[in-house]
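Peer 1: Dropping the structure in here first, questions after.
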Amino acid sequence: MAQNISQAIGGELNRQKKNEDNLSANLRVAVPGIIQAFDSVEQTVRVQPAIRELVTGSDYTPVSIPLPELLDVPIVLPRAGAYVITLPIQAGDECLVIFADQCIDAWWQNGGVQNQMEKRRHDLSDGFAILGTWSQPRRLVQYSRNSMQLLHEKTGVGIDINGEGVTIKGKLTVTGDSTMEGALVAGGVDMVSHTHTCPDGQTGGPQ
């Protein structure tokens, strides 16, 4: 009798474990990915998930299979108010794809608050690609611990901001509207329209 009860309990626990495994296998949360292509008009990417799925083969041996390429994945970049930071996204860039709770199709197409087009949760079809994740082979050679930087990782050209000032490395081009007063000011001096007084009279503005 006790053995039968023990077997029944064991069988029920195995069934629960199998159900939990099935649920986990179909519940997508996040996965690192490698960008295959970038659509700068739609601002979406095609992404190949970088972790293969481990499944049990027909002979009960573990088999690793690739997840399908993710299509039309919206990108995530810093953006708020009227400002946005853009990046020249390239094939081969790494990212982190997170999967929404619900179908995002209607919201993505129309914005605002929308009903679901399909009933699904944490599905491979509802990913967002967060740019900036990278693996160890792509880590930065020199990472500044004392400043904020905006730079090109190969040439080092860019902007370095610390508590004492701002350093710019590389060619600097400043474009101002010559018809707008105060369009380009340095040290309190209007660099577009300022003049100097000299013995022969007033100089013209900057050329």
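Just so we're on the same page: first chain in the structure tokens is A, next is B, and so on; residues restart at 1 for each chain, and ligands are numbered from 1 in the order they show up.
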I need the alpha helix (DSSP H) residues of segment 93-182 of chain A per DSSP on the backbone, written as a count of residues only.

Peer 2: 6

Peer 1: Near Ile98 of chain A, within 6 Å and counting only C-alpha atoms, which residues show up once chain neighbours fewer than 4 positions away are dropped, as a list in words?

Peer 2: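 Close residues of Ile98 of chain A: Val29, Ala30, Gly127 and Phe128 of chain A.
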
Peer 1: Given the selection you just returned, output its residues as a file containing N, CA, C and O atoms, formatted as an mmCIF file, in the first residue's frame.

Peer 2:
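The resulting file, again-v3.cif, is reproduced below:
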```
data_model
loop_
_atom_site.group_PDB
_atom_site.id
_atom_site.type_symbol
_atom_site.label_atom_id
_atom_site.label_comp_id
_atom_site.auth_asym_id
_atom_site.auth_seq_id
_atom_site.Cartn_x
_atom_site.Cartn_y
_atom_site.Cartn_z
ATOM 1 N N VAL A 29 11.933 35.093 -22.494
ATOM 2 C CA VAL A 29 12.184 36.276 -21.667
ATOM 3 C C VAL A 29 13.224 37.172 -22.334
ATOM 4 O O VAL A 29 12.949 38.320 -22.667
ATOM 5 N N ALA A 30 14.431 36.668 -22.528
ATOM 6 C CA ALA A 30 15.497 37.466 -23.151
ATOM 7 C C ALA A 30 16.560 36.529 -23.685
ATOM 8 O O ALA A 30 16.776 35.436 -23.148
ATOM 9 N N GLY A 127 9.721 40.598 -29.962
ATOM 10 C CA GLY A 127 10.980 41.006 -29.366
ATOM 11 C C GLY A 127 11.305 42.470 -29.574
ATOM 12 O O GLY A 127 10.826 43.120 -30.507
ATOM 13 N N PHE A 128 12.161 43.010 -28.690
ATOM 14 C CA PHE A 128 12.766 44.333 -28.815
ATOM 15 C C PHE A 128 14.277 44.146 -28.717
ATOM 16 O O PHE A 128 14.762 43.463 -27.808
#
```

Peer 1: Expressed in Å to a single decimal, how great is the separation between atom CA of Thr155 of chain A and atom CA of Gly33 of chain A?

Peer 2: 25.3 Å

Peer 1: Apply DSSP to the structure's backbone, then extract all residues of segment 133-165 of chain A labelled strand (DSSP E or B) and return them as a PyMOL selection string.

Peer 2: chain A and resi 148-151+158-162+165

Peer 1: Can I get the selected residues back with N, CA and C atoms, as a PDB file, in the first residue's frame?

Peer 2:
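Result saved to selection-v1.pdb:
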```pdb
ATOM      1  N   MET A 148      32.897  60.004 -18.559  1.00  0.00           N
ATOM      2  CA  MET A 148      31.889  59.536 -19.498  1.00  0.00           C
ATOM      3  C   MET A 148      32.414  59.778 -20.901  1.00  0.00           C
ATOM      4  N   GLN A 149      32.263  58.797 -21.768  1.00  0.00           N
ATOM      5  CA  GLN A 149      32.837  58.920 -23.099  1.00  0.00           C
ATOM      6  C   GLN A 149      31.813  58.619 -24.191  1.00  0.00           C
ATOM      7  N   LEU A 150      31.978  59.322 -25.294  1.00  0.00           N
ATOM      8  CA  LEU A 150      31.263  59.040 -26.533  1.00  0.00           C
ATOM      9  C   LEU A 150      32.356  58.893 -27.580  1.00  0.00           C
ATOM     10  N   LEU A 151      32.642  57.658 -27.986  1.00  0.00           N
ATOM     11  CA  LEU A 151      33.839  57.473 -28.817  1.00  0.00           C
ATOM     12  C   LEU A 151      33.691  56.350 -29.825  1.00  0.00           C
ATOM     13  N   GLY A 158      36.516  60.918 -30.290  1.00  0.00           N
ATOM     14  CA  GLY A 158      35.276  61.144 -29.575  1.00  0.00           C
ATOM     15  C   GLY A 158      35.370  62.209 -28.517  1.00  0.00           C
ATOM     16  N   ILE A 159      34.453  62.149 -27.564  1.00  0.00           N
ATOM     17  CA  ILE A 159      34.330  63.147 -26.504  1.00  0.00           C
ATOM     18  C   ILE A 159      34.503  62.467 -25.154  1.00  0.00           C
ATOM     19  N   ASP A 160      35.315  63.068 -24.302  1.00  0.00           N
ATOM     20  CA  ASP A 160      35.550  62.571 -22.946  1.00  0.00           C
ATOM     21  C   ASP A 160      35.141  63.666 -21.961  1.00  0.00           C
ATOM     22  N   ILE A 161      34.232  63.337 -21.048  1.00  0.00           N
ATOM     23  CA  ILE A 161      33.740  64.314 -20.069  1.00  0.00           C
ATOM     24  C   ILE A 161      34.073  63.823 -18.667  1.00  0.00           C
ATOM     25  N   ASN A 162      34.820  64.638 -17.910  1.00  0.00           N
ATOM     26  CA  ASN A 162      35.088  64.305 -16.513  1.00  0.00           C
ATOM     27  C   ASN A 162      34.787  65.507 -15.622  1.00  0.00           C
ATOM     28  N   GLY A 165      36.551  68.880 -17.000  1.00  0.00           N
ATOM     29  CA  GLY A 165      36.322  69.489 -18.305  1.00  0.00           C
ATOM     30  C   GLY A 165      35.968  68.477 -19.370  1.00  0.00           C
TER      31      GLY A 165
END
```

Peer 1: Using only C-alpha atoms, which residues sit within 10 Å of Phe99 of chain A once same-chain residues fewer than 4 positions away are excluded, as JSON, numbers by chain?

Peer 2: {"A": [27, 28, 29, 30, 31, 103, 104, 121, 122, 123, 124, 125, 126, 127, 128, 129]}

Peer 1: Keeping only C-alpha atoms, take the residues you just selected and write them out as a PDB file, in the first residue's frame.

Peer 2:
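Writing the result to again_33.pdb gives the following:
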```
ATOM      1  CA  LEU A  27       8.139  31.125 -22.289  1.00  0.00           C
ATOM      2  CA  ARG A  28      10.614  33.568 -23.843  1.00  0.00           C
ATOM      3  CA  VAL A  29      12.184  36.276 -21.667  1.00  0.00           C
ATOM      4  CA  ALA A  30      15.497  37.466 -23.151  1.00  0.00           C
ATOM      5  CA  VAL A  31      18.320  36.186 -25.319  1.00  0.00           C
ATOM      6  CA  CYS A 103       1.408  40.650 -28.929  1.00  0.00           C
ATOM      7  CA  ILE A 104       2.899  44.028 -29.895  1.00  0.00           C
ATOM      8  CA  ARG A 121       2.696  35.770 -24.438  1.00  0.00           C
ATOM      9  CA  HIS A 122       6.494  35.992 -24.390  1.00  0.00           C
ATOM     10  CA  ASP A 123       6.598  34.914 -28.005  1.00  0.00           C
ATOM     11  CA  LEU A 124       9.577  35.017 -30.377  1.00  0.00           C
ATOM     12  CA  SER A 125       7.488  37.326 -32.584  1.00  0.00           C
ATOM     13  CA  ASP A 126       7.356  40.091 -29.953  1.00  0.00           C
ATOM     14  CA  GLY A 127      10.980  41.006 -29.366  1.00  0.00           C
ATOM     15  CA  PHE A 128      12.766  44.333 -28.815  1.00  0.00           C
ATOM     16  CA  ALA A 129      16.482  44.619 -29.634  1.00  0.00           C
TER      17      ALA A 129
END
```

Peer 1: Which is closest to Pro137 of chain A among A:Glu164, A:Asp105, A:Glu94, A:Asp72, if we use only C-alpha atoms?

Peer 2: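 Result for the nearest residue to Pro137 of chain A: A:Glu94.
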
Peer 1: List as an NGL selection string the protein and nucleic acid residues near Thr44 of chain A, meaning an atom at most 10 Å away when only C-alpha atoms are counted, but skip any in the same chain fewer than 6 places from it.

Peer 2: :A and (37-38 or 71-76 or 128-129)

Peer 1: What gap, in Å, lies between atom CA of Ile34 of chain A and atom CA of Pro49 of chain A?

Peer 2: 6.4 Å

Peer 1: Report, in Å with one decimal, the straight-line distance from atom CA of Asp39 of chain A to atom CA of Ala106 of chain A.

Peer 2: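 We find that atom CA of Asp39 of chain A and atom CA of Ala106 of chain A lie 19.5 Å from each other.
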
Peer 1: Compare A:Gly156, A:Thr86, A:Pro78, A:Gln48 by their minimum atom-to-atom distance to Leu140 of chain A, counting only C-alpha atoms, and give me the closest one.

Peer 2: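 Result for the nearest residue to Leu140 of chain A: A:Gly156.
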
Peer 1: Find the residue from A:Val189, A:Leu131, A:Val141, A:Ala50 that sits nearest to Leu70 of chain A; use only C-alpha atoms when measuring.

Peer 2: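 Of A:Val189, A:Leu131, A:Val141, A:Ala50, the one nearest Leu70 of chain A is A:Ala50, counting only C-alpha atoms.
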
Peer 1: Measuring between only C-alpha atoms, which one of A:Arg79, A:Arg52, A:Arg46, A:Lys119 shows the shortest distance to Asp93 of chain A?

Peer 2: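 Among the listed residues, the smallest separation from Asp93 of chain A belongs to A:Arg46.
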
Peer 1: Tell me, as a list of chain:residue names, which residues lie within 10 Å of Ser64 of chain A, counting only C-alpha atoms; anything in the same chain fewer than 3 positions away does not count.

Peer 2: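 After dropping sequence-adjacent residues, the list is A:Ile51, A:Arg52, A:Glu53, A:Leu54, A:Val55, A:Thr56, A:Gly57, A:Leu67.
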